[in-house]
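Just below is one structure, and these are the notes that go with it.
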Amino acid sequence: MNTPVPADWYLLLSAALFTLGVIGFLIKRSLITVFMSIELMLNAVNLSFVTFAHEWHAVKGQIFVFFVMMVAAAEAAVGLAIIISIFRVRGTLTVDQIDRMKL
Amino acid sequence: MNEPMLFLPLIALLPLAGFLLNGLFGSRLPKALVSTIALLFPLLSFALVARAAWMVHAGLALPVAEANAPTWIAVGTFHVGFQFVLDQLTLVMLLVVTGVGFLIHLYSVGYMEHESGYWRFFAYLNLFLFFMTVLVLAGNFLLMFVGWEGVGLASYLLIGFYIDRKSAGDAGIKAFVTNRVGDFGFLIAMFLLIAHFGTLSFSRITAQLSAHPTLTTGAATLICLCLVLGAVGKSAQIPLYVWLPDAMEGPTPVSALIHAATMVTAGVYMIARTHALFDLAPAALTVVAVIGTATAFFAATVAIVQTDIKRVLAYSTISQLGYMFLGCGVGAYSAAVFHLMTHAFFKGLLFLAAGSVIHGLGGEQDIRRMGGLRKTMPVTFWTMTAAVLAISGFFPFAGFFSKDAILAAAFQHGSTGKLLWMVGLVTALMTSFYMFRLWYLTFLGQSRAHSASDGHDHEHHHHAHESPWIMLLPLVLLALLSVCGGWIGIDRFAAFLAPATGMASAAPNAGHTELFLSVLAVLVAALGWFVAHLFFGRRTSAADDAAQRLAPLHRVLEHKYWIDEIYTSLIIRPIQWFARFGLGWLGELTLVRGSVWLLVGVTGLCGELLRRWQSGNLRSYAAWLAIGAAALLIFALAGTLLGMNSLADSIHWAVR
């Protein structure tokens with residue numbers, strides 16, 4: 001009843017989430033979805049960080065997760081702003097059409 | 001240590017300071033300040049030289065080498081420093097260079113007053129003075145070469161001073177390129193000297209030569225011939241004289257300073273400076289004498305028919321330089337330097353007076369359209385007369401003493417010397433003739449400005465006026481020098497120079513021969529005057545008649561023996577042809593353009609391939625990123641699994 005969930009499972013989940021993120025990043029055409037995939041990958045990594053930190057009783061890993069979350073928040077703010085301005089100018093968010101490396 | 005303070009470097013550096021000030025800021029300075037700077041620094045320099053001369057007179061022992069000269073090049077035992085040395089020869093040269101140089105600076109203030117680029121002119125002139133003083137003060141060949149090249153540069157800049165005239169630019173290039181041929185000889189001579197002596201210092205080479213003359217005659221001759229090539233280029237002797245007549249494109253004070261009084265005598269100075277080497281190479285000396293005599297004769301014949309006042313003087317300069325070479329060639333170095341000095345006086349004066357005439361006539365240079373200027377330009381006339389008498393060799397003007405000394409030395413120089421003396425005497429006749437021709441046509445008779453091709457030109461003559469005092473003052477001073485400059489006499493002059501140039505080989509066998517030669521020289525000069533008087537003094541048609549009767553000869557002379565044309569077709573054209581077809585088509589096409597094209601092609605191809613990568617498509621970038629990450633992972637994993645590859649090991653270690 002009290003047996004903890006083995007660390008392997010967490011890692012497997014993390015790997016699955018990360019792979020989903022990569023696949024989403026590669027195949028989705030909407031910029032919003034691509035952005036969400038990035039967040040997914042970040043959180044997958046966060047999960048593995050926490051897992052290892054718990055497993056090895058090292059608090060550094062957990063602290064690192066906070067950093068990642070913070071950076072992700074900042075990145076989300078900037079990224080969404082960019083997405084909005086792209087949409088205003090180009091009228092589309094299809095990744096394949098946004099290939100000129102400028103607005 | 002009571003080493004006398006001579007401030008030798010300062011003599012050279014003061015004009016350099018003038019050059020820097022005027023060259024950098026001259027365009028923004030008022031004209032008066034530019035003139036002040038341009039005059040002050042050469043004057044200070046001259047004051048230092050005069051002070052040194054006074055100290056020598058008061059008993060200072062020469063030569064004085066500057067102590068603690070900064071090192072320039074030190075390789076093993078080979079050592080070259082920025083060493084300045086003052087000896088008798090240098091002192092004479094310095095007095096001429098800075099003294100006449102200052103007077104010509106003064107003259108230029110008046111002459112160049114209305115020219116644009118006033119500051120530029122004086123900056124160049126000061127630069128020239130700097131390099132010329134370096135040339136004569138240098139204690140070794142390399143430093144001398146610096147001055148040698150520097151005066152060439154200044155000469156080039158000043159010949160091409162009128163930058164809006166293509167002919168001026170061409171003349172500058174011609175002078176520069178022709179001098180390169182001579183410089184090549186100078187450089188080879190320096191390499192040979194290093195090989196034989198291991199030093200370039202004048203004093204050390206002389207010391208080695210006198211201590212144990214290991215130098216064979218052959219080696220000495222080779223070195224000397226290379227030096228002669230350099231001297232021939234700089235001093236405008238056959239076959240490299242062609243640049244000097246064209247150099248008259250420059251402003252007249254430049255012709256006076258650089259192309260008459262100082263720079264062109266550098267070759268003579270160099271031979272006198274290295275006389276210790278030349279004394280070991282009689283063959284080279286003979287070459288010098290023959291070249292000098294031939295040039296003197298040849299240039300004098302051309303000068304007879306030239307109609308441009310400055311060109312007459314240019315050929316006359318070449319001819320007089322030939323005399324100096326003759327003097328060097330017969331071992332009478334002091335006589336050559338003596339003539340160098342007096343020539344600087346009277347030829348500088350001739351050019352300045354010619355400039356005054358040109359100035360007064362508003363740019364007219366053709367002596368056929370002059371005449372009758374005696375009344376309107378009295379000072380110019382009388383000073384010019386002094387110079388004409390001096391160059392013709394009339395007693396007691398300066399030219400008489402120096403030319404006489406050279407001819408006497410030639411006469412006493414064996415059987416070949418007699419022949420050279422004959423040619424020299426004939427040249428003296430021609431010199432007197434063409435100088436008086438110039439004198440008659442310019443100053444006497446009626447003004448011929450009206451007979452010019454169209455009637456507008458006569459306005460020039462109405463405005464013919466005497467030059468301002470600032471131009472006349474140098475004329476008068478130089479005229480005094482042209483009259484009195486020779487009175488010191490060759491014997492005293494030679495005795496003074498003896499420590500630097502050695503005694504003249506043939507001691508003057510006193511009395512009759514000497515006197516006979518002198519009288520003969522004056523008679524010849526008088527004959528030249530008389531002939532000129534017959535032709536040009538009474539009626540000008542006599543000269544035209546003579547030209548008619550001797551039409552073929554006249555044509556040859558008028559075209560200067562077609563030397564320029566011959567050089568063009570024999571040397572310049574083949575070189576241009578080779579440059580165009582040999583180098584231009586083969587070298588340029590295959591080597592230069594080929595390699596460039598290859599470089600461009602390879603780069604372009606790589607770019608074309610790599611360009612496709614940078615599609616801008618986000619998902620393709622992401623895909624490459626993913627593939628790369630996967631590849632790294634697999635690589636690291638493979639290392640872990642195999643565990644034997646050292647590279648994989650290290651990566652494994654890094655990943656872990």
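Simple scheme: letters A, B, ... for chains in structure tokens order, numbers from 1 for residues in each chain, numbers from 1 for ligands in the order shown.
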If you take only C-alpha atoms and a cut-off of 8 Å, which residues of chain A touch chain B, and what are their nearest atom pairs and distances in Å to one decimal, in chain and number order, as a Markdown table?
```
| residue | atom | partner | partner_atom | distance |
| --- | --- | --- | --- | --- |
| A:Val22 | CA | B:Ala626 | CA | 7.9 |
| A:Phe25 | CA | B:Arg619 | CA | 7.4 |
| A:Leu26 | CA | B:Arg619 | CA | 5.6 |
| A:Ile27 | CA | B:Arg619 | CA | 7.6 |
| A:Val95 | CA | B:Leu618 | CA | 6.7 |
| A:Asp96 | CA | B:Asn617 | CA | 6.0 |
| A:Gln97 | CA | B:Asn617 | CA | 8.0 |
| A:Ile98 | CA | B:Asn617 | CA | 7.2 |
| A:Asp99 | CA | B:Gly616 | CA | 4.3 |
| A:Arg100 | CA | B:Gly616 | CA | 5.6 |
| A:Met101 | CA | B:Gly616 | CA | 5.9 |
```
Give me the residues near Leu142 of chain B as a PDB file with N, CA and C atoms, in the first residue's frame, where near means some atom within 8 Å (using only C-alpha atoms) and where sequence neighbours in that chain fewer than 6 positions away do not count.
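Generated output (result.pdb):
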```pdb
ATOM      1  N   VAL B  80      73.821  49.173 -38.831  1.00  0.00           N
ATOM      2  CA  VAL B  80      73.569  50.448 -39.501  1.00  0.00           C
ATOM      3  C   VAL B  80      72.864  51.361 -38.519  1.00  0.00           C
ATOM      4  N   MET B 190      75.344  48.545 -52.921  1.00  0.00           N
ATOM      5  CA  MET B 190      75.297  48.388 -51.462  1.00  0.00           C
ATOM      6  C   MET B 190      75.404  46.926 -51.062  1.00  0.00           C
ATOM      7  N   LEU B 200      78.411  49.361 -44.020  1.00  0.00           N
ATOM      8  CA  LEU B 200      78.062  50.371 -45.018  1.00  0.00           C
ATOM      9  C   LEU B 200      78.564  51.747 -44.613  1.00  0.00           C
TER      10      LEU B 200
END
```
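Atom CA of Ile304 of chain B sits 8.0 Å away from atom CA of Leu557 of chain B.
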Would you mind listing what lies within 10 Å of Phe186 of chain B as a CSV table (one decimal) with C-alpha atoms, in the first residue's frame, with only C-alpha atoms counted and same-chain residues fewer than 3 positions away left out?
```
chain,number,residue,atom,x,y,z
B,141,PHE,CA,75.4,54.3,-47.6
B,142,LEU,CA,71.9,53.2,-46.4
B,145,PHE,CA,70.1,56.0,-49.8
B,148,TRP,CA,68.6,59.7,-52.1
B,180,ARG,CA,64.6,53.7,-60.5
B,181,VAL,CA,67.0,52.4,-63.1
B,182,GLY,CA,69.8,54.2,-61.4
B,183,ASP,CA,68.7,53.2,-57.9
B,189,ALA,CA,76.5,48.4,-55.1
B,190,MET,CA,75.3,48.4,-51.5
B,191,PHE,CA,74.8,44.6,-51.5
B,192,LEU,CA,78.3,44.1,-52.9
B,223,ILE,CA,81.0,48.2,-57.2
B,224,CYS,CA,82.0,51.5,-58.7
B,225,LEU,CA,80.2,50.8,-61.9
B,226,CYS,CA,77.0,50.1,-60.0
B,227,LEU,CA,77.5,53.3,-58.0
B,228,VAL,CA,78.0,55.2,-61.3
B,229,LEU,CA,74.7,53.8,-62.6
B,230,GLY,CA,73.1,55.3,-59.6
B,231,ALA,CA,74.9,58.6,-60.0
B,233,GLY,CA,70.4,58.4,-62.9
```
ask   = Any idea what's packed within 10 Å of Val423 of chain B, counting only C-alpha atoms, ignoring anything in its chain fewer than 4 positions away? Could you give it as a VMD selection string?
value = chain B and resid 293 to 294 296 to 297 407 417 to 419 427 to 429
Within 12 Å of Phe530 of chain B using only C-alpha atoms, minus same-chain residues under 2 positions, as a PDB file with N, CA and C atoms, in the first residue's frame:
```pdb
ATOM      1  N   LEU B 429      82.782  76.393 -75.560  1.00  0.00           N
ATOM      2  CA  LEU B 429      82.433  77.303 -76.649  1.00  0.00           C
ATOM      3  C   LEU B 429      80.928  77.304 -76.868  1.00  0.00           C
ATOM      4  N   MET B 430      80.363  76.103 -76.955  1.00  0.00           N
ATOM      5  CA  MET B 430      78.926  76.009 -77.194  1.00  0.00           C
ATOM      6  C   MET B 430      78.142  76.577 -76.024  1.00  0.00           C
ATOM      7  N   SER B 432      78.992  78.977 -74.003  1.00  0.00           N
ATOM      8  CA  SER B 432      78.999  80.432 -74.113  1.00  0.00           C
ATOM      9  C   SER B 432      78.035  80.878 -75.202  1.00  0.00           C
ATOM     10  N   PHE B 433      78.037  80.135 -76.337  1.00  0.00           N
ATOM     11  CA  PHE B 433      77.176  80.512 -77.462  1.00  0.00           C
ATOM     12  C   PHE B 433      75.707  80.443 -77.074  1.00  0.00           C
ATOM     13  N   TYR B 434      75.260  79.302 -76.524  1.00  0.00           N
ATOM     14  CA  TYR B 434      73.820  79.194 -76.284  1.00  0.00           C
ATOM     15  C   TYR B 434      73.374  80.065 -75.115  1.00  0.00           C
ATOM     16  N   MET B 435      74.266  80.331 -74.174  1.00  0.00           N
ATOM     17  CA  MET B 435      73.854  81.210 -73.088  1.00  0.00           C
ATOM     18  C   MET B 435      73.676  82.644 -73.587  1.00  0.00           C
ATOM     19  N   PHE B 436      74.598  83.071 -74.464  1.00  0.00           N
ATOM     20  CA  PHE B 436      74.439  84.429 -74.978  1.00  0.00           C
ATOM     21  C   PHE B 436      73.289  84.509 -75.968  1.00  0.00           C
ATOM     22  N   ARG B 437      73.022  83.420 -76.671  1.00  0.00           N
ATOM     23  CA  ARG B 437      71.826  83.381 -77.523  1.00  0.00           C
ATOM     24  C   ARG B 437      70.586  83.648 -76.668  1.00  0.00           C
ATOM     25  N   TYR B 440      70.629  87.345 -75.497  1.00  0.00           N
ATOM     26  CA  TYR B 440      70.237  88.296 -76.546  1.00  0.00           C
ATOM     27  C   TYR B 440      68.750  88.208 -76.821  1.00  0.00           C
ATOM     28  N   LEU B 523      89.231  82.877 -73.981  1.00  0.00           N
ATOM     29  CA  LEU B 523      89.140  83.215 -75.402  1.00  0.00           C
ATOM     30  C   LEU B 523      88.004  82.449 -76.064  1.00  0.00           C
ATOM     31  N   VAL B 524      87.901  81.177 -75.720  1.00  0.00           N
ATOM     32  CA  VAL B 524      86.845  80.350 -76.286  1.00  0.00           C
ATOM     33  C   VAL B 524      85.485  80.892 -75.890  1.00  0.00           C
ATOM     34  N   ALA B 525      85.373  81.293 -74.631  1.00  0.00           N
ATOM     35  CA  ALA B 525      84.102  81.848 -74.163  1.00  0.00           C
ATOM     36  C   ALA B 525      83.783  83.133 -74.915  1.00  0.00           C
ATOM     37  N   ALA B 526      84.818  83.952 -75.113  1.00  0.00           N
ATOM     38  CA  ALA B 526      84.604  85.210 -75.828  1.00  0.00           C
ATOM     39  C   ALA B 526      84.195  84.936 -77.267  1.00  0.00           C
ATOM     40  N   LEU B 527      84.792  83.891 -77.853  1.00  0.00           N
ATOM     41  CA  LEU B 527      84.429  83.515 -79.213  1.00  0.00           C
ATOM     42  C   LEU B 527      82.946  83.140 -79.278  1.00  0.00           C
ATOM     43  N   GLY B 528      82.511  82.378 -78.277  1.00  0.00           N
ATOM     44  CA  GLY B 528      81.104  81.998 -78.226  1.00  0.00           C
ATOM     45  C   GLY B 528      80.211  83.219 -78.167  1.00  0.00           C
ATOM     46  N   ALA B 532      77.518  84.399 -81.010  1.00  0.00           N
ATOM     47  CA  ALA B 532      76.138  84.670 -80.617  1.00  0.00           C
ATOM     48  C   ALA B 532      75.750  86.091 -80.980  1.00  0.00           C
ATOM     49  N   HIS B 533      76.721  86.993 -80.827  1.00  0.00           N
ATOM     50  CA  HIS B 533      76.444  88.385 -81.157  1.00  0.00           C
ATOM     51  C   HIS B 533      76.168  88.536 -82.649  1.00  0.00           C
ATOM     52  N   LEU B 534      76.968  87.831 -83.448  1.00  0.00           N
ATOM     53  CA  LEU B 534      76.758  87.893 -84.892  1.00  0.00           C
ATOM     54  C   LEU B 534      75.373  87.396 -85.261  1.00  0.00           C
ATOM     55  N   PHE B 535      74.993  86.290 -84.640  1.00  0.00           N
ATOM     56  CA  PHE B 535      73.732  85.658 -85.009  1.00  0.00           C
ATOM     57  C   PHE B 535      72.525  86.394 -84.433  1.00  0.00           C
ATOM     58  N   PHE B 536      72.617  86.738 -83.191  1.00  0.00           N
ATOM     59  CA  PHE B 536      71.412  87.198 -82.503  1.00  0.00           C
ATOM     60  C   PHE B 536      71.491  88.649 -82.062  1.00  0.00           C
ATOM     61  N   GLY B 537      72.716  89.184 -82.015  1.00  0.00           N
ATOM     62  CA  GLY B 537      72.861  90.527 -81.492  1.00  0.00           C
ATOM     63  C   GLY B 537      72.349  91.569 -82.466  1.00  0.00           C
ATOM     64  N   ARG B 538      72.687  91.402 -83.749  1.00  0.00           N
ATOM     65  CA  ARG B 538      72.338  92.452 -84.701  1.00  0.00           C
ATOM     66  C   ARG B 538      71.008  92.173 -85.396  1.00  0.00           C
TER      67      ARG B 538
END
```
If you run DSSP over the backbone, which residues in chain A end up helix (DSSP H, G or I)? Put them as a tab-separated table (two decimals) with N, CA and C atoms, in the first residue's frame.
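Everything below was put into result.tsv:
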```tsv
chain	number	residue	atom	x	y	z
A	7	ALA	N	11.05	4.80	-9.28
A	7	ALA	CA	11.56	5.95	-10.06
A	7	ALA	C	11.49	5.69	-11.55
A	8	ASP	N	11.67	4.43	-11.94
A	8	ASP	CA	11.66	4.12	-13.37
A	8	ASP	C	10.40	4.62	-14.04
A	9	TRP	N	9.32	4.47	-13.34
A	9	TRP	CA	8.05	4.86	-13.96
A	9	TRP	C	8.01	6.35	-14.26
A	10	TYR	N	8.47	7.08	-13.26
A	10	TYR	CA	8.54	8.54	-13.50
A	10	TYR	C	9.38	8.85	-14.73
A	11	LEU	N	10.50	8.13	-14.82
A	11	LEU	CA	11.40	8.41	-15.94
A	11	LEU	C	10.77	8.01	-17.26
A	12	LEU	N	10.08	6.90	-17.23
A	12	LEU	CA	9.40	6.48	-18.45
A	12	LEU	C	8.35	7.51	-18.85
A	13	LEU	N	7.60	8.00	-17.85
A	13	LEU	CA	6.61	9.02	-18.16
A	13	LEU	C	7.28	10.27	-18.74
A	14	SER	N	8.41	10.64	-18.09
A	14	SER	CA	9.15	11.81	-18.57
A	14	SER	C	9.58	11.62	-20.02
A	15	ALA	N	10.12	10.43	-20.31
A	15	ALA	CA	10.58	10.16	-21.68
A	15	ALA	C	9.41	10.21	-22.63
A	16	ALA	N	8.27	9.64	-22.22
A	16	ALA	CA	7.10	9.63	-23.09
A	16	ALA	C	6.64	11.06	-23.37
A	17	LEU	N	6.56	11.85	-22.30
A	17	LEU	CA	6.14	13.23	-22.49
A	17	LEU	C	7.09	13.97	-23.44
A	18	PHE	N	8.39	13.74	-23.23
A	18	PHE	CA	9.39	14.44	-24.06
A	18	PHE	C	9.24	14.04	-25.52
A	19	THR	N	9.06	12.74	-25.74
A	19	THR	CA	8.91	12.26	-27.11
A	19	THR	C	7.66	12.86	-27.75
A	20	LEU	N	6.59	12.91	-26.96
A	20	LEU	CA	5.37	13.53	-27.48
A	20	LEU	C	5.63	14.97	-27.88
A	21	GLY	N	6.40	15.65	-26.99
A	21	GLY	CA	6.73	17.05	-27.29
A	21	GLY	C	7.51	17.17	-28.60
A	22	VAL	N	8.51	16.30	-28.75
A	22	VAL	CA	9.32	16.37	-29.97
A	22	VAL	C	8.45	16.10	-31.18
A	23	ILE	N	7.64	15.06	-31.10
A	23	ILE	CA	6.80	14.71	-32.25
A	23	ILE	C	5.85	15.86	-32.57
A	24	GLY	N	5.26	16.41	-31.51
A	24	GLY	CA	4.36	17.54	-31.74
A	24	GLY	C	5.08	18.70	-32.39
A	25	PHE	N	6.26	18.97	-31.90
A	25	PHE	CA	7.05	20.07	-32.46
A	25	PHE	C	7.30	19.85	-33.94
A	26	LEU	N	7.58	18.59	-34.29
A	26	LEU	CA	7.95	18.32	-35.67
A	26	LEU	C	6.75	18.27	-36.60
A	27	ILE	N	5.63	17.75	-36.14
A	27	ILE	CA	4.56	17.52	-37.12
A	27	ILE	C	3.46	18.56	-37.09
A	31	LEU	N	1.50	27.33	-34.99
A	31	LEU	CA	2.58	27.87	-34.15
A	31	LEU	C	2.23	27.71	-32.67
A	32	ILE	N	0.93	27.85	-32.34
A	32	ILE	CA	0.51	27.72	-30.94
A	32	ILE	C	0.78	26.31	-30.45
A	33	THR	N	0.47	25.34	-31.26
A	33	THR	CA	0.69	23.96	-30.88
A	33	THR	C	2.18	23.66	-30.73
A	34	VAL	N	2.96	24.20	-31.65
A	34	VAL	CA	4.42	24.03	-31.55
A	34	VAL	C	4.90	24.59	-30.24
A	35	PHE	N	4.37	25.73	-29.87
A	35	PHE	CA	4.75	26.37	-28.63
A	35	PHE	C	4.39	25.50	-27.44
A	36	MET	N	3.19	24.94	-27.52
A	36	MET	CA	2.77	24.05	-26.43
A	36	MET	C	3.67	22.83	-26.34
A	37	SER	N	4.12	22.35	-27.47
A	37	SER	CA	5.01	21.19	-27.47
A	37	SER	C	6.32	21.51	-26.75
A	38	ILE	N	6.78	22.71	-26.97
A	38	ILE	CA	8.01	23.12	-26.28
A	38	ILE	C	7.79	23.07	-24.77
A	39	GLU	N	6.65	23.61	-24.33
A	39	GLU	CA	6.35	23.60	-22.90
A	39	GLU	C	6.29	22.17	-22.37
A	40	LEU	N	5.72	21.31	-23.22
A	40	LEU	CA	5.62	19.90	-22.83
A	40	LEU	C	7.01	19.30	-22.61
A	41	MET	N	7.93	19.60	-23.54
A	41	MET	CA	9.29	19.08	-23.41
A	41	MET	C	9.95	19.61	-22.14
A	42	LEU	N	9.76	20.87	-21.88
A	42	LEU	CA	10.36	21.45	-20.68
A	42	LEU	C	9.85	20.74	-19.43
A	43	ASN	N	8.57	20.50	-19.40
A	43	ASN	CA	8.01	19.89	-18.21
A	43	ASN	C	8.41	18.43	-18.07
A	44	ALA	N	8.60	17.79	-19.21
A	44	ALA	CA	9.11	16.42	-19.16
A	44	ALA	C	10.48	16.39	-18.52
A	45	VAL	N	11.28	17.33	-18.90
A	45	VAL	CA	12.62	17.40	-18.30
A	45	VAL	C	12.50	17.72	-16.82
A	46	ASN	N	11.61	18.64	-16.47
A	46	ASN	CA	11.39	18.98	-15.07
A	46	ASN	C	11.08	17.73	-14.26
A	47	LEU	N	10.22	16.90	-14.83
A	47	LEU	CA	9.83	15.68	-14.12
A	47	LEU	C	11.03	14.79	-13.84
A	48	SER	N	11.89	14.65	-14.86
A	48	SER	CA	13.07	13.80	-14.64
A	48	SER	C	14.00	14.41	-13.61
A	49	PHE	N	14.12	15.74	-13.64
A	49	PHE	CA	14.92	16.42	-12.61
A	49	PHE	C	14.43	16.05	-11.22
A	50	VAL	N	13.13	16.20	-11.02
A	50	VAL	CA	12.55	15.96	-9.69
A	50	VAL	C	12.74	14.51	-9.28
A	51	THR	N	12.57	13.68	-10.26
A	51	THR	CA	12.73	12.26	-9.97
A	51	THR	C	14.11	11.95	-9.44
A	52	PHE	N	15.08	12.41	-10.18
A	52	PHE	CA	16.47	12.13	-9.75
A	52	PHE	C	16.77	12.79	-8.43
A	53	ALA	N	16.26	14.02	-8.24
A	53	ALA	CA	16.51	14.72	-6.98
A	53	ALA	C	15.94	13.93	-5.81
A	54	HIS	N	14.77	13.41	-6.03
A	54	HIS	CA	14.16	12.62	-4.96
A	54	HIS	C	14.93	11.33	-4.74
A	55	GLU	N	15.32	10.72	-5.84
A	55	GLU	CA	15.99	9.42	-5.75
A	55	GLU	C	17.32	9.53	-5.02
A	59	VAL	N	18.95	18.16	-3.27
A	59	VAL	CA	17.96	19.22	-3.41
A	59	VAL	C	18.25	20.11	-4.62
A	60	LYS	N	19.47	20.02	-5.12
A	60	LYS	CA	19.85	20.88	-6.25
A	60	LYS	C	18.91	20.67	-7.43
A	61	GLY	N	18.57	19.45	-7.69
A	61	GLY	CA	17.71	19.15	-8.82
A	61	GLY	C	16.38	19.88	-8.72
A	62	GLN	N	15.83	19.90	-7.49
A	62	GLN	CA	14.54	20.58	-7.31
A	62	GLN	C	14.67	22.08	-7.52
A	63	ILE	N	15.80	22.62	-7.01
A	63	ILE	CA	16.03	24.05	-7.23
A	63	ILE	C	16.11	24.35	-8.71
A	64	PHE	N	16.74	23.45	-9.44
A	64	PHE	CA	16.91	23.65	-10.87
A	64	PHE	C	15.56	23.72	-11.57
A	65	VAL	N	14.63	22.92	-11.06
A	65	VAL	CA	13.30	22.92	-11.66
A	65	VAL	C	12.65	24.29	-11.54
A	66	PHE	N	12.86	24.92	-10.39
A	66	PHE	CA	12.30	26.27	-10.25
A	66	PHE	C	12.87	27.22	-11.29
A	67	PHE	N	14.14	27.09	-11.51
A	67	PHE	CA	14.76	27.94	-12.54
A	67	PHE	C	14.12	27.70	-13.88
A	68	VAL	N	13.95	26.41	-14.21
A	68	VAL	CA	13.37	26.08	-15.51
A	68	VAL	C	11.98	26.67	-15.63
A	69	MET	N	11.18	26.53	-14.54
A	69	MET	CA	9.82	27.05	-14.59
A	69	MET	C	9.81	28.57	-14.79
A	70	MET	N	10.72	29.19	-14.11
A	70	MET	CA	10.78	30.64	-14.21
A	70	MET	C	11.14	31.06	-15.64
A	71	VAL	N	12.16	30.42	-16.18
A	71	VAL	CA	12.56	30.74	-17.55
A	71	VAL	C	11.43	30.43	-18.50
A	72	ALA	N	10.73	29.33	-18.27
A	72	ALA	CA	9.63	28.95	-19.15
A	72	ALA	C	8.54	30.01	-19.12
A	73	ALA	N	8.29	30.55	-17.91
A	73	ALA	CA	7.27	31.59	-17.82
A	73	ALA	C	7.67	32.81	-18.65
A	74	ALA	N	8.94	33.22	-18.47
A	74	ALA	CA	9.41	34.37	-19.24
A	74	ALA	C	9.33	34.08	-20.72
A	75	GLU	N	9.75	32.88	-21.09
A	75	GLU	CA	9.74	32.49	-22.49
A	75	GLU	C	8.32	32.50	-23.04
A	76	ALA	N	7.38	32.05	-22.23
A	76	ALA	CA	5.99	32.04	-22.67
A	76	ALA	C	5.51	33.45	-22.95
A	77	ALA	N	5.88	34.38	-22.04
A	77	ALA	CA	5.45	35.76	-22.24
A	77	ALA	C	6.01	36.31	-23.54
A	78	VAL	N	7.32	36.14	-23.71
A	78	VAL	CA	7.95	36.67	-24.93
A	78	VAL	C	7.42	35.96	-26.15
A	79	GLY	N	7.35	34.64	-26.08
A	79	GLY	CA	6.93	33.86	-27.23
A	79	GLY	C	5.53	34.22	-27.66
A	80	LEU	N	4.62	34.35	-26.68
A	80	LEU	CA	3.25	34.69	-27.06
A	80	LEU	C	3.18	36.07	-27.68
A	81	ALA	N	3.98	36.99	-27.15
A	81	ALA	CA	3.99	38.32	-27.75
A	81	ALA	C	4.44	38.25	-29.20
A	82	ILE	N	5.47	37.44	-29.44
A	82	ILE	CA	5.95	37.30	-30.83
A	82	ILE	C	4.86	36.69	-31.69
A	83	ILE	N	4.21	35.68	-31.15
A	83	ILE	CA	3.16	35.02	-31.94
A	83	ILE	C	2.07	36.01	-32.31
A	84	ILE	N	1.67	36.84	-31.32
A	84	ILE	CA	0.61	37.82	-31.60
A	84	ILE	C	1.04	38.79	-32.69
A	85	SER	N	2.27	39.28	-32.60
A	85	SER	CA	2.69	40.27	-33.60
A	85	SER	C	2.84	39.61	-34.96
A	86	ILE	N	3.28	38.35	-34.99
A	86	ILE	CA	3.35	37.65	-36.28
A	86	ILE	C	1.95	37.54	-36.88
A	87	PHE	N	1.00	37.18	-36.01
A	87	PHE	CA	-0.36	37.01	-36.53
A	87	PHE	C	-0.92	38.33	-37.05
A	88	ARG	N	-0.60	39.40	-36.36
A	88	ARG	CA	-1.09	40.71	-36.81
A	88	ARG	C	-0.55	41.04	-38.20
A	89	VAL	N	0.71	40.74	-38.41
A	89	VAL	CA	1.32	41.14	-39.68
A	89	VAL	C	0.97	40.17	-40.78
A	90	ARG	N	1.12	38.89	-40.51
A	90	ARG	CA	1.00	37.90	-41.58
A	90	ARG	C	-0.39	37.32	-41.71
A	95	VAL	N	3.16	27.29	-39.53
A	95	VAL	CA	4.62	27.35	-39.42
A	95	VAL	C	5.28	27.35	-40.79
A	96	ASP	N	4.74	26.55	-41.70
A	96	ASP	CA	5.40	26.42	-43.00
A	96	ASP	C	5.38	27.71	-43.81
A	97	GLN	N	4.44	28.56	-43.47
A	97	GLN	CA	4.39	29.82	-44.22
A	97	GLN	C	5.23	30.92	-43.57
```
| request: Identify, on the basis of only C-alpha atoms, every residue whose closest approach to segment 12-27 of chain B does not exceed 6 Å; exclude the query and any residue fewer than 6 positions from it along the same chain; express the result as a PyMOL selection string. | output: chain B and resi 37-38+41-42+119+123+126-127+130+133-134
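Remark: for Phe325 of chain B, the closest of the candidate residues B:Arg368, B:His79, B:Arg204, B:Lys403 is B:Lys403 (distances computed over only C-alpha atoms).
Here atom CA of Val92 of chain B and atom CA of Gly150 of chain B stand 20.5 Å from one another.
Rounded to one decimal, atom CA of Ala332 of chain B and atom CA of Thr206 of chain B lie 18.2 Å from each other.
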Just the residues within 10 Å of Ala67 of chain B, please, counting only C-alpha atoms, with nothing from its chain fewer than 2 positions along; format it as a PyMOL selection string.
chain B and resi 3+64-65+69-70+83-85
